[in-house]
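Novice: File follows, work-v4.cif with mmCIF, C-alpha atoms and all ligand atoms:
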```
data_structure
#
loop_
_atom_site.group_PDB
_atom_site.id
_atom_site.type_symbol
_atom_site.label_atom_id
_atom_site.label_comp_id
_atom_site.auth_asym_id
_atom_site.auth_seq_id
_atom_site.Cartn_x
_atom_site.Cartn_y
_atom_site.Cartn_z
ATOM 1 C CA MET A 48 -14.988 14.243 6.701
ATOM 2 C CA ASN A 49 -15.373 10.539 5.934
ATOM 3 C CA HIS A 50 -17.468 9.990 2.792
ATOM 4 C CA ARG A 51 -19.014 6.592 2.078
ATOM 5 C CA ASP A 52 -17.771 4.758 -1.006
ATOM 6 C CA ALA A 53 -20.670 4.392 -3.465
ATOM 7 C CA ILE A 54 -18.559 4.606 -6.664
ATOM 8 C CA TYR A 55 -19.770 1.267 -8.073
ATOM 9 C CA SER A 56 -23.249 1.243 -6.491
ATOM 10 C CA GLN A 57 -25.146 2.121 -9.705
ATOM 11 C CA PRO A 58 -24.996 0.083 -12.930
ATOM 12 C CA LYS A 59 -22.390 1.511 -15.319
ATOM 13 C CA ALA A 60 -22.814 1.157 -19.096
ATOM 14 C CA GLN A 61 -19.070 0.773 -19.421
ATOM 15 C CA ILE A 62 -16.566 -0.061 -16.681
ATOM 16 C CA LYS A 63 -13.456 2.084 -17.022
ATOM 17 C CA ASP A 64 -10.112 0.967 -15.609
ATOM 18 C CA PHE A 65 -9.788 1.827 -11.921
ATOM 19 C CA CYS A 66 -7.657 4.891 -11.187
ATOM 20 C CA PHE A 67 -6.854 6.966 -8.123
ATOM 21 C CA ASP A 68 -8.703 10.096 -9.243
ATOM 22 C CA ASP A 69 -10.556 12.721 -7.244
ATOM 23 C CA SER A 70 -13.698 10.591 -6.761
ATOM 24 C CA VAL A 71 -11.614 7.758 -5.270
ATOM 25 C CA ALA A 72 -9.544 10.134 -3.101
ATOM 26 C CA GLN A 73 -12.818 11.559 -1.671
ATOM 27 C CA VAL A 74 -13.951 8.172 -0.333
ATOM 28 C CA PHE A 75 -10.606 6.418 0.062
ATOM 29 C CA PRO A 76 -10.529 5.916 3.876
ATOM 30 C CA ASP A 77 -13.958 4.249 3.740
ATOM 31 C CA MET A 78 -13.121 2.279 0.574
ATOM 32 C CA ILE A 79 -9.882 0.774 1.851
ATOM 33 C CA GLN A 80 -11.265 0.054 5.327
ATOM 34 C CA ARG A 81 -14.237 -1.862 3.856
ATOM 35 C CA SER A 82 -12.151 -3.569 1.119
ATOM 36 C CA VAL A 83 -8.915 -4.716 2.762
ATOM 37 C CA PRO A 84 -9.258 -7.185 5.665
ATOM 38 C CA GLY A 85 -7.096 -6.045 8.573
ATOM 39 C CA TYR A 86 -6.248 -2.654 7.069
ATOM 40 C CA SER A 87 -6.246 -0.843 10.467
ATOM 41 C CA THR A 88 -4.158 -3.609 12.029
ATOM 42 C CA ILE A 89 -1.655 -3.314 9.188
ATOM 43 C CA ILE A 90 -1.444 0.485 9.506
ATOM 44 C CA ASP A 91 -0.994 0.351 13.311
ATOM 45 C CA ASN A 92 1.729 -2.271 13.007
ATOM 46 C CA ILE A 93 3.570 -0.362 10.275
ATOM 47 C CA GLY A 94 3.937 2.284 12.987
ATOM 48 C CA GLN A 95 5.267 -0.349 15.415
ATOM 49 C CA ILE A 96 7.667 -1.859 12.885
ATOM 50 C CA ALA A 97 8.964 1.586 11.881
ATOM 51 C CA SER A 98 9.577 2.529 15.527
ATOM 52 C CA ARG A 99 11.710 -0.609 15.885
ATOM 53 C CA PHE A 100 13.731 -0.248 12.666
ATOM 54 C CA ALA A 101 14.055 3.523 12.224
ATOM 55 C CA GLN A 102 17.657 4.641 12.639
ATOM 56 C CA GLN A 103 18.865 7.992 13.836
ATOM 57 C CA ASN A 104 19.652 10.377 11.013
ATOM 58 C CA SER A 105 17.951 8.331 8.286
ATOM 59 C CA ALA A 106 15.052 8.521 5.843
ATOM 60 C CA ILE A 107 11.733 6.642 5.968
ATOM 61 C CA TYR A 108 9.865 6.197 2.671
ATOM 62 C CA ASP A 109 6.115 5.638 2.216
ATOM 63 C CA LEU A 110 5.777 4.706 -1.474
ATOM 64 C CA GLY A 111 2.220 5.052 -2.827
ATOM 65 C CA CYS A 112 1.183 6.901 0.322
ATOM 66 C CA SER A 113 -2.425 7.771 -0.770
ATOM 67 C CA LEU A 114 -3.816 9.917 2.063
ATOM 68 C CA GLY A 115 -0.834 9.231 4.323
ATOM 69 C CA ALA A 116 -2.271 6.667 6.758
ATOM 70 C CA ALA A 117 1.032 4.764 7.094
ATOM 71 C CA THR A 118 3.015 8.021 7.230
ATOM 72 C CA LEU A 119 0.800 9.264 10.075
ATOM 73 C CA ALA A 120 1.228 5.997 12.004
ATOM 74 C CA MET A 121 5.014 6.110 11.571
ATOM 75 C CA ARG A 122 5.224 9.795 12.445
ATOM 76 C CA ARG A 123 3.360 9.055 15.686
ATOM 77 C CA MET A 124 5.500 6.056 16.645
ATOM 78 C CA VAL A 125 9.086 6.831 15.577
ATOM 79 C CA LYS A 126 11.145 8.304 18.414
ATOM 80 C CA LYS A 127 14.648 8.368 16.856
ATOM 81 C CA ALA A 128 16.319 11.744 16.396
ATOM 82 C CA ASP A 129 16.795 13.384 13.005
ATOM 83 C CA CYS A 130 14.510 11.121 10.978
ATOM 84 C CA GLN A 131 12.655 12.387 7.968
ATOM 85 C CA ILE A 132 9.650 10.797 6.226
ATOM 86 C CA ILE A 133 9.306 11.015 2.441
ATOM 87 C CA ALA A 134 5.769 10.197 1.268
ATOM 88 C CA VAL A 135 5.309 9.680 -2.479
ATOM 89 C CA ASP A 136 2.245 9.254 -4.688
ATOM 90 C CA ASN A 137 1.623 10.037 -8.360
ATOM 91 C CA SER A 138 -2.072 10.904 -7.930
ATOM 92 C CA THR A 139 -2.471 14.681 -7.531
ATOM 93 C CA ALA A 140 -5.880 14.166 -5.889
ATOM 94 C CA MET A 141 -4.308 11.892 -3.243
ATOM 95 C CA VAL A 142 -1.301 14.150 -2.673
ATOM 96 C CA GLU A 143 -3.444 17.265 -2.139
ATOM 97 C CA LYS A 144 -5.614 15.490 0.425
ATOM 98 C CA CYS A 145 -2.573 13.872 2.037
ATOM 99 C CA LYS A 146 -1.090 17.322 2.679
ATOM 100 C CA LEU A 147 -4.305 18.411 4.428
ATOM 101 C CA HIS A 148 -4.363 15.244 6.593
ATOM 102 C CA LEU A 149 -0.751 15.607 7.680
ATOM 103 C CA ASN A 150 -0.996 19.325 8.381
ATOM 104 C CA ALA A 151 -3.925 18.650 10.703
ATOM 105 C CA PHE A 152 -1.631 16.946 13.230
ATOM 106 C CA LYS A 153 1.441 18.284 14.995
ATOM 107 C CA SER A 154 4.745 16.396 14.971
ATOM 108 C CA ASP A 155 8.491 16.941 15.344
ATOM 109 C CA ILE A 156 9.283 14.570 12.458
ATOM 110 C CA PRO A 157 9.428 16.414 9.129
ATOM 111 C CA VAL A 158 7.463 14.936 6.218
ATOM 112 C CA GLU A 159 8.155 15.710 2.579
ATOM 113 C CA ILE A 160 5.198 14.845 0.342
ATOM 114 C CA ARG A 161 6.127 14.346 -3.293
ATOM 115 C CA CYS A 162 3.833 13.995 -6.267
ATOM 116 C CA GLU A 163 5.943 11.696 -8.433
ATOM 117 C CA ASP A 164 6.097 8.212 -9.917
ATOM 118 C CA ILE A 165 7.769 5.939 -7.360
ATOM 119 C CA LEU A 166 9.761 4.455 -10.269
ATOM 120 C CA ASP A 167 11.532 7.872 -10.391
ATOM 121 C CA THR A 168 12.059 8.133 -6.626
ATOM 122 C CA GLN A 169 15.716 8.046 -5.602
ATOM 123 C CA ILE A 170 15.809 6.098 -2.341
ATOM 124 C CA ARG A 171 18.699 7.350 -0.195
ATOM 125 C CA ASN A 172 19.935 6.592 3.342
ATOM 126 C CA ALA A 173 16.737 4.628 4.140
ATOM 127 C CA SER A 174 16.128 2.693 7.348
ATOM 128 C CA VAL A 175 12.435 1.965 6.593
ATOM 129 C CA VAL A 176 10.624 1.638 3.249
ATOM 130 C CA VAL A 177 6.873 0.936 3.050
ATOM 131 C CA LEU A 178 4.993 -0.371 0.002
ATOM 132 C CA ASN A 179 1.495 -0.767 1.467
ATOM 133 C CA PHE A 180 -0.695 -2.155 -1.362
ATOM 134 C CA THR A 181 1.246 -0.214 -4.009
ATOM 135 C CA LEU A 182 3.491 -2.730 -5.819
ATOM 136 C CA GLN A 183 0.369 -4.455 -7.226
ATOM 137 C CA PHE A 184 -0.310 -1.294 -9.276
ATOM 138 C CA ILE A 185 3.219 -1.137 -10.736
ATOM 139 C CA ALA A 186 3.696 -2.710 -14.188
ATOM 140 C CA PRO A 187 5.092 -6.228 -13.604
ATOM 141 C CA GLU A 188 8.188 -5.572 -15.742
ATOM 142 C CA HIS A 189 9.279 -2.786 -13.328
ATOM 143 C CA ARG A 190 8.743 -4.670 -10.057
ATOM 144 C CA ASN A 191 12.132 -6.432 -9.840
ATOM 145 C CA SER A 192 14.138 -3.270 -10.489
ATOM 146 C CA LEU A 193 12.084 -1.278 -7.955
ATOM 147 C CA ILE A 194 12.673 -3.870 -5.204
ATOM 148 C CA GLN A 195 16.361 -4.043 -6.184
ATOM 149 C CA HIS A 196 16.684 -0.244 -5.959
ATOM 150 C CA ILE A 197 15.078 -0.318 -2.491
ATOM 151 C CA TYR A 198 17.405 -3.095 -1.289
ATOM 152 C CA ASP A 199 20.496 -1.361 -2.655
ATOM 153 C CA ASN A 200 19.666 1.884 -0.833
ATOM 154 C CA LEU A 201 18.504 0.478 2.504
ATOM 155 C CA LEU A 202 20.974 0.889 5.363
ATOM 156 C CA PRO A 203 22.246 -2.346 6.959
ATOM 157 C CA GLY A 204 19.544 -3.434 9.422
ATOM 158 C CA GLY A 205 16.901 -1.517 7.445
ATOM 159 C CA VAL A 206 13.418 -2.943 6.725
ATOM 160 C CA LEU A 207 11.027 -3.105 3.783
ATOM 161 C CA VAL A 208 7.349 -3.574 4.675
ATOM 162 C CA LEU A 209 5.542 -5.021 1.641
ATOM 163 C CA SER A 210 1.759 -5.452 1.789
ATOM 164 C CA GLU A 211 -0.077 -6.929 -1.202
ATOM 165 C CA LYS A 212 -3.228 -8.624 -2.383
ATOM 166 C CA LEU A 213 -2.225 -12.101 -3.629
ATOM 167 C CA ARG A 214 -3.296 -14.590 -6.201
ATOM 168 C CA ASP A 215 -2.861 -18.329 -5.683
ATOM 169 C CA LYS A 216 -1.671 -20.380 -8.645
ATOM 170 C CA HIS A 217 -3.708 -23.327 -7.348
ATOM 171 C CA GLN A 218 -7.141 -22.424 -8.784
ATOM 172 C CA PRO A 219 -9.430 -23.941 -6.094
ATOM 173 C CA MET A 220 -7.547 -22.049 -3.362
ATOM 174 C CA ASP A 221 -7.536 -18.862 -5.445
ATOM 175 C CA GLU A 222 -11.309 -19.109 -5.807
ATOM 176 C CA LEU A 223 -11.754 -19.828 -2.083
ATOM 177 C CA MET A 224 -9.688 -16.755 -1.068
ATOM 178 C CA ILE A 225 -11.562 -14.547 -3.543
ATOM 179 C CA GLU A 226 -14.908 -15.822 -2.238
ATOM 180 C CA LEU A 227 -13.898 -15.266 1.417
ATOM 181 C CA HIS A 228 -12.773 -11.744 0.509
ATOM 182 C CA HIS A 229 -16.069 -11.047 -1.250
ATOM 183 C CA GLU A 230 -17.910 -12.291 1.838
ATOM 184 C CA PHE A 231 -15.873 -9.774 3.866
ATOM 185 C CA LYS A 232 -16.958 -7.032 1.447
ATOM 186 C CA ARG A 233 -20.620 -8.106 1.681
ATOM 187 C CA SER A 234 -20.426 -8.009 5.470
ATOM 188 C CA ASN A 235 -19.150 -4.431 5.112
ATOM 189 C CA GLY A 236 -22.213 -3.420 3.089
ATOM 190 C CA TYR A 237 -20.993 -3.776 -0.502
ATOM 191 C CA SER A 238 -23.622 -5.139 -2.917
ATOM 192 C CA GLU A 239 -23.050 -7.828 -5.567
ATOM 193 C CA LEU A 240 -23.101 -5.068 -8.194
ATOM 194 C CA GLU A 241 -20.453 -3.031 -6.379
ATOM 195 C CA ILE A 242 -18.241 -6.097 -5.911
ATOM 196 C CA SER A 243 -18.473 -7.221 -9.524
ATOM 197 C CA GLN A 244 -18.109 -3.769 -11.123
ATOM 198 C CA LYS A 245 -15.051 -2.966 -8.958
ATOM 199 C CA ARG A 246 -13.557 -6.342 -9.800
ATOM 200 C CA SER A 247 -13.883 -5.585 -13.525
ATOM 201 C CA ALA A 248 -12.399 -2.097 -13.060
ATOM 202 C CA LEU A 249 -9.337 -3.535 -11.284
ATOM 203 C CA GLU A 250 -8.812 -6.420 -13.712
ATOM 204 C CA ASN A 251 -6.321 -4.690 -16.038
ATOM 205 C CA VAL A 252 -4.627 -2.394 -13.543
ATOM 206 C CA MET A 253 -4.053 -4.477 -10.403
ATOM 207 C CA LEU A 254 -1.964 -7.449 -11.529
ATOM 208 C CA LEU A 255 -1.383 -9.807 -8.631
ATOM 209 C CA ASP A 256 1.648 -11.931 -7.815
ATOM 210 C CA THR A 257 1.701 -15.082 -5.689
ATOM 211 C CA GLN A 258 3.280 -15.215 -2.225
ATOM 212 C CA GLN A 259 6.091 -17.253 -3.825
ATOM 213 C CA ASP A 260 6.671 -14.575 -6.509
ATOM 214 C CA HIS A 261 7.136 -11.964 -3.763
ATOM 215 C CA GLU A 262 9.495 -14.139 -1.722
ATOM 216 C CA ASN A 263 11.563 -15.000 -4.806
ATOM 217 C CA ARG A 264 11.811 -11.337 -5.823
ATOM 218 C CA LEU A 265 12.900 -10.273 -2.328
ATOM 219 C CA ARG A 266 15.528 -13.039 -2.101
ATOM 220 C CA THR A 267 16.862 -12.299 -5.584
ATOM 221 C CA ALA A 268 17.265 -8.625 -4.587
ATOM 222 C CA GLY A 269 19.410 -9.739 -1.625
ATOM 223 C CA PHE A 270 17.036 -9.849 1.358
ATOM 224 C CA ALA A 271 17.960 -12.832 3.536
ATOM 225 C CA GLU A 272 15.521 -12.282 6.412
ATOM 226 C CA ILE A 273 11.897 -12.391 5.239
ATOM 227 C CA ALA A 274 8.685 -13.097 7.161
ATOM 228 C CA THR A 275 4.956 -12.767 6.578
ATOM 229 C CA TRP A 276 3.688 -11.065 9.725
ATOM 230 C CA PHE A 277 0.054 -10.629 8.595
ATOM 231 C CA ARG A 278 -2.245 -12.648 6.398
ATOM 232 C CA CYS A 279 -6.020 -12.688 6.000
ATOM 233 C CA PHE A 280 -7.477 -14.463 2.939
ATOM 234 C CA ASN A 281 -5.649 -13.076 -0.114
ATOM 235 C CA PHE A 282 -4.139 -10.071 1.686
ATOM 236 C CA MET A 283 -0.730 -10.200 3.320
ATOM 237 C CA SER A 284 2.055 -8.052 4.687
ATOM 238 C CA MET A 285 5.721 -9.050 4.837
ATOM 239 C CA VAL A 286 8.832 -7.672 6.466
ATOM 240 C CA ALA A 287 12.190 -8.039 4.711
ATOM 241 C CA VAL A 288 15.322 -7.015 6.636
ATOM 242 C CA LYS A 289 18.678 -6.147 5.064
HETATM 243 C C1 LIG B 301 -4.039 1.047 -2.554
HETATM 244 S S1 LIG B 301 -3.310 2.595 -2.576
HETATM 245 C C2 LIG B 301 -2.114 2.567 -1.237
HETATM 246 C C3 LIG B 301 -2.675 2.730 0.138
HETATM 247 C C4 LIG B 301 -1.759 3.437 1.110
HETATM 248 N N1 LIG B 301 -0.387 2.982 1.011
HETATM 249 C C5 LIG B 301 -2.273 3.289 2.512
HETATM 250 O O1 LIG B 301 -1.587 2.671 3.335
HETATM 251 O O2 LIG B 301 -3.366 3.815 2.815
HETATM 252 C C6 LIG B 301 -2.186 2.635 -3.928
HETATM 253 C C7 LIG B 301 -1.578 4.007 -4.135
HETATM 254 O O3 LIG B 301 -0.446 3.886 -4.988
HETATM 255 C C8 LIG B 301 -0.408 5.000 -5.839
HETATM 256 N N2 LIG B 301 0.384 4.640 -7.010
HETATM 257 C C9 LIG B 301 0.119 3.686 -7.937
HETATM 258 N N3 LIG B 301 1.105 3.639 -8.852
HETATM 259 C C10 LIG B 301 2.019 4.584 -8.493
HETATM 260 C C11 LIG B 301 3.256 5.028 -9.038
HETATM 261 N N4 LIG B 301 3.757 4.472 -10.146
HETATM 262 N N5 LIG B 301 3.924 6.022 -8.407
HETATM 263 C C12 LIG B 301 3.412 6.593 -7.286
HETATM 264 N N6 LIG B 301 2.255 6.203 -6.707
HETATM 265 C C13 LIG B 301 1.560 5.211 -7.307
HETATM 266 C C14 LIG B 301 -1.851 5.309 -6.153
HETATM 267 O O4 LIG B 301 -2.045 6.636 -6.594
HETATM 268 C C15 LIG B 301 -2.508 5.012 -4.803
HETATM 269 O O5 LIG B 301 -2.644 6.183 -4.026
HETATM 270 O O1 LIG B 302 -9.629 -6.133 -4.224
HETATM 271 C C1 LIG B 302 -10.346 -5.193 -3.975
HETATM 272 O O2 LIG B 302 -11.520 -5.188 -4.180
HETATM 273 C C2 LIG B 302 -9.790 -4.022 -3.393
HETATM 274 O O3 LIG B 302 -10.521 -3.126 -3.246
HETATM 275 C C3 LIG B 302 -8.402 -3.977 -3.030
HETATM 276 C C4 LIG B 302 -7.759 -2.616 -3.087
HETATM 277 C C5 LIG B 302 -6.291 -2.828 -2.782
HETATM 278 O O4 LIG B 302 -5.893 -3.906 -2.388
HETATM 279 O O5 LIG B 302 -5.546 -1.860 -2.946
HETATM 280 C C6 LIG B 302 -7.885 -2.031 -4.415
HETATM 281 C C7 LIG B 302 -8.147 -0.742 -4.648
HETATM 282 C C8 LIG B 302 -8.470 0.202 -3.569
HETATM 283 O O6 LIG B 302 -7.416 1.063 -3.473
HETATM 284 C C9 LIG B 302 -8.606 -0.434 -2.270
HETATM 285 C C10 LIG B 302 -8.319 -1.731 -2.059
#
```
Could you quickly redo this structure as structure tokens?
Ligand SMILES: C[S@@+](CC[C@H](N)C(=O)[O-])C[C@H]1O[C@@H](n2cnc3c(N)ncnc32)[C@H](O)[C@@H]1O
Ligand SMILES: O=C(O)C(=O)C[C@]1(C(=O)O)C=C[C@@H](O)C=C1
Specialist:
Amino acid sequence: MNHRDAIYSQPKAQIKDFCFDDSVAQVFPDMIQRSVPGYSTIIDNIGQIASRFAQQNSAIYDLGCSLGAATLAMRRMVKKADCQIIAVDNSTAMVEKCKLHLNAFKSDIPVEIRCEDILDTQIRNASVVVLNFTLQFIAPEHRNSLIQHIYDNLLPGGVLVLSEKLRDKHQPMDELMIELHHEFKRSNGYSELEISQKRSALENVMLLDTQQDHENRLRTAGFAEIATWFRCFNFMSMVAVK
């Protein structure tokens, strides 16, 4: 069942830091669809990209899988033999619901769902790694080593799909992108109160990098082939090929 996100619809005396608890997991499909411009396009194309880059006898990782939307898209699209998908999230509420979602559909591709911190995940024999709006929730001091670990354990010809909300270091453009995003949220039925309370809740936990920060980090890790294949306002998705 798809529940409507009303988490920030009533005034809160105190805004707690945003976390992926049971109340968020309950409404997550509606929340992300109404909050991230192009979310369905990104999910569909993660399936396409995975079908192109998946290698026979290799692993596909979905890091910060939430309810498994990207895993489902990849499981539908990948046709290579002997692939396995490993979906990881450290929210028990998300992982429990993810298991239900995935079990509802039949597939020949095995999926292992792990409840663990992606900073503890050993990437091995990977042809595809997905970080779909997850890196922004990782403490900045751990981001370089995580991307390095992914690069080191990708097979030659393997791909990292990295989707993130961005900040712009040029303040007028940052403000414009934020305002266009808020307009998108308004058009999806979010009130001013919902927009501002969610913004406060995310302030300390979703620390955004610039497009340049991401490109620099990917190049430093060793990725030579990098492209932004999707961008809408301050949301983007990149592919980086080893
Ligand atoms: C915005 S959601 C990702 C959306 C999802 N990838 C999709 O395509 O629908 C971010 C997810 O990352 C997870 N997460 C955040 N930090 C994590 C960590 N250190 N280890 C594992 N999962 C993490 C959260 O629990 C949350 O489910
Ligand atoms: O910027 C926002 O308002 C968002 O809601 C963005 C975002 C994200 O990019 O991950 C933040 C938290 C929710 O998981 C869904 C979407």
Novice: Could you expand the PyMOL selection byres (((chain A and resi 52) around 6) and not hetatm) into the explicit residues it covers here, written as an mmCIF file with C-alpha atoms, keeping the file's coordinate frame?
Specialist:
```cif
data_model
loop_
_atom_site.group_PDB
_atom_site.id
_atom_site.type_symbol
_atom_site.label_atom_id
_atom_site.label_comp_id
_atom_site.auth_asym_id
_atom_site.auth_seq_id
_atom_site.Cartn_x
_atom_site.Cartn_y
_atom_site.Cartn_z
ATOM 1 C CA ARG A 51 -19.014 6.592 2.078
ATOM 2 C CA ALA A 53 -20.670 4.392 -3.465
ATOM 3 C CA ILE A 54 -18.559 4.606 -6.664
ATOM 4 C CA VAL A 74 -13.951 8.172 -0.333
ATOM 5 C CA MET A 78 -13.121 2.279 0.574
#
```
Novice: Which residues are near region 216-232 of chain A? Cut-off 6 Å, all atoms listed in the file, ignore same chain within fewer than 6 positions. Put them as a PyMOL selection string.
Specialist: chain A and resi 82+280-281
Novice: Apply the PyMOL selection byres (((chain A and resi 127-136) around 7) and not hetatm) to the displayed file and report the matching residues as an MDAnalysis selection string.
Specialist: chainID A and resid 101:113 118 125:126 137:138 142 156:165
Novice: As a quick test: using only C-alpha atoms and all ligand atoms, which residues lie no more than 10 Å away from ligand LIG 302 (chain B)? Give them as a PyMOL selection string.
Specialist: chain A and resi 65-67+71-72+75-84+86+113+179-184+210-213+225+228-229+232+241-250+252-253+255+281-283
Novice: Could you save those same residues with C-alpha atoms as a compact mmCIF listing (two decimals), in the frame of the given file?
Specialist:
```txt
# COMPACT_ATOMS: atom_id res chain seq x y z
CA PHE A 65 -9.79 1.83 -11.92
CA CYS A 66 -7.66 4.89 -11.19
CA PHE A 67 -6.85 6.97 -8.12
CA VAL A 71 -11.61 7.76 -5.27
CA ALA A 72 -9.54 10.13 -3.10
CA PHE A 75 -10.61 6.42 0.06
CA PRO A 76 -10.53 5.92 3.88
CA ASP A 77 -13.96 4.25 3.74
CA MET A 78 -13.12 2.28 0.57
CA ILE A 79 -9.88 0.77 1.85
CA GLN A 80 -11.26 0.05 5.33
CA ARG A 81 -14.24 -1.86 3.86
CA SER A 82 -12.15 -3.57 1.12
CA VAL A 83 -8.91 -4.72 2.76
CA PRO A 84 -9.26 -7.18 5.66
CA TYR A 86 -6.25 -2.65 7.07
CA SER A 113 -2.42 7.77 -0.77
CA ASN A 179 1.50 -0.77 1.47
CA PHE A 180 -0.70 -2.15 -1.36
CA THR A 181 1.25 -0.21 -4.01
CA LEU A 182 3.49 -2.73 -5.82
CA GLN A 183 0.37 -4.46 -7.23
CA PHE A 184 -0.31 -1.29 -9.28
CA SER A 210 1.76 -5.45 1.79
CA GLU A 211 -0.08 -6.93 -1.20
CA LYS A 212 -3.23 -8.62 -2.38
CA LEU A 213 -2.22 -12.10 -3.63
CA ILE A 225 -11.56 -14.55 -3.54
CA HIS A 228 -12.77 -11.74 0.51
CA HIS A 229 -16.07 -11.05 -1.25
CA LYS A 232 -16.96 -7.03 1.45
CA GLU A 241 -20.45 -3.03 -6.38
CA ILE A 242 -18.24 -6.10 -5.91
CA SER A 243 -18.47 -7.22 -9.52
CA GLN A 244 -18.11 -3.77 -11.12
CA LYS A 245 -15.05 -2.97 -8.96
CA ARG A 246 -13.56 -6.34 -9.80
CA SER A 247 -13.88 -5.58 -13.52
CA ALA A 248 -12.40 -2.10 -13.06
CA LEU A 249 -9.34 -3.54 -11.28
CA GLU A 250 -8.81 -6.42 -13.71
CA VAL A 252 -4.63 -2.39 -13.54
CA MET A 253 -4.05 -4.48 -10.40
CA LEU A 255 -1.38 -9.81 -8.63
CA ASN A 281 -5.65 -13.08 -0.11
CA PHE A 282 -4.14 -10.07 1.69
CA MET A 283 -0.73 -10.20 3.32
```
Novice: What gap, in Å, lies between CA of Val288 (chain A) and CA of Glu272 (chain A)?
Specialist: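 Straight-line distance from CA of Val288 (chain A) to CA of Glu272 (chain A) works out to 5.3 Å.
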Novice: From the set A:Ile96, A:Leu193, A:Ala287, A:Met124, which residue has the shortest atom-to-atom contact distance to ligand LIG 301 (chain B), counting all atoms listed in the file?
Specialist: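 Between A:Ile96, A:Leu193, A:Ala287, A:Met124, the residue approaching ligand LIG 301 (chain B) most closely is A:Leu193.
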Novice: In Å, with one decimal, what is the gap from CA of Ala120 (chain A) to CA of Gly94 (chain A)?
Specialist: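 Interatomic distance here is 4.7 Å.
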Novice: Looking at only C-alpha atoms and all ligand atoms, which of A:Lys146, A:Ser98, A:Ser56, A:Ala186 is the one that sits closest to ligand LIG 301 (chain B)?
Specialist: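 Using only C-alpha atoms and all ligand atoms, ligand LIG 301 (chain B) sits closest to A:Ala186.
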Novice: Rank A:Arg264, A:Asn235, A:Cys145, A:Arg171 by their smallest atom-to-atom distance to Pro187 (chain A), using all atoms listed in the file, and report the top residue only.
Specialist: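 The answer is A:Arg264, which sits nearest to Pro187 (chain A).
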Novice: Of the candidates A:Ser174, A:Gln61, A:Thr168, A:Ser234, which shows the shortest atom-to-atom distance to ligand LIG 301 (chain B), using all atoms listed in the file?
Specialist: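 That would be A:Thr168, the residue with the smallest distance to ligand LIG 301 (chain B).
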Novice: Can you sort out the box for ligand LIG 301 (chain B), edges along x, y and z, all listed atoms in, 3 Å on every side, with centre and edge lengths in Å to one decimal, as lines of an AutoDock Vina configuration file?
Specialist:
```
center_x = -0.1
center_y = 3.8
center_z = -3.4
size_x = 14.0
size_y = 11.6
size_z = 19.5
```
Novice: Considering all atoms listed in the file, can you say which of A:Asn263, A:Gln57, A:Ser87, A:Asn150 comes closest to ligand LIG 301 (chain B)?
Specialist: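 Closest residue, counting all atoms listed in the file: A:Ser87.
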Novice: Given only C-alpha atoms and all ligand atoms as the basis, pick out the residue of A:Trp276, A:Lys153, A:Lys289, A:Asp91 nearest to ligand LIG 301 (chain B).
Specialist: A:Asp91
Novice: Running the PyMOL selection byres (((chain A and resi 200-205) around 7) and not hetatm) on this model by hand, what would come out? Give it as a ChimeraX atom specification.
Specialist: /A:100,170-175,196-199,206,288-289
Novice: With a distance cut-off of 9 Å and all atoms listed in the file, select the neighbouring residues of Ile273 (chain A), excluding the residue or stretch itself and same-chain residues fewer than 3 positions from it, and output the selection as a list in words.
Specialist: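 These residues fall inside the cut-off: Glu262, Leu265, Arg266, Phe270, Met285, Val286, Ala287 and Val288 of chain A.
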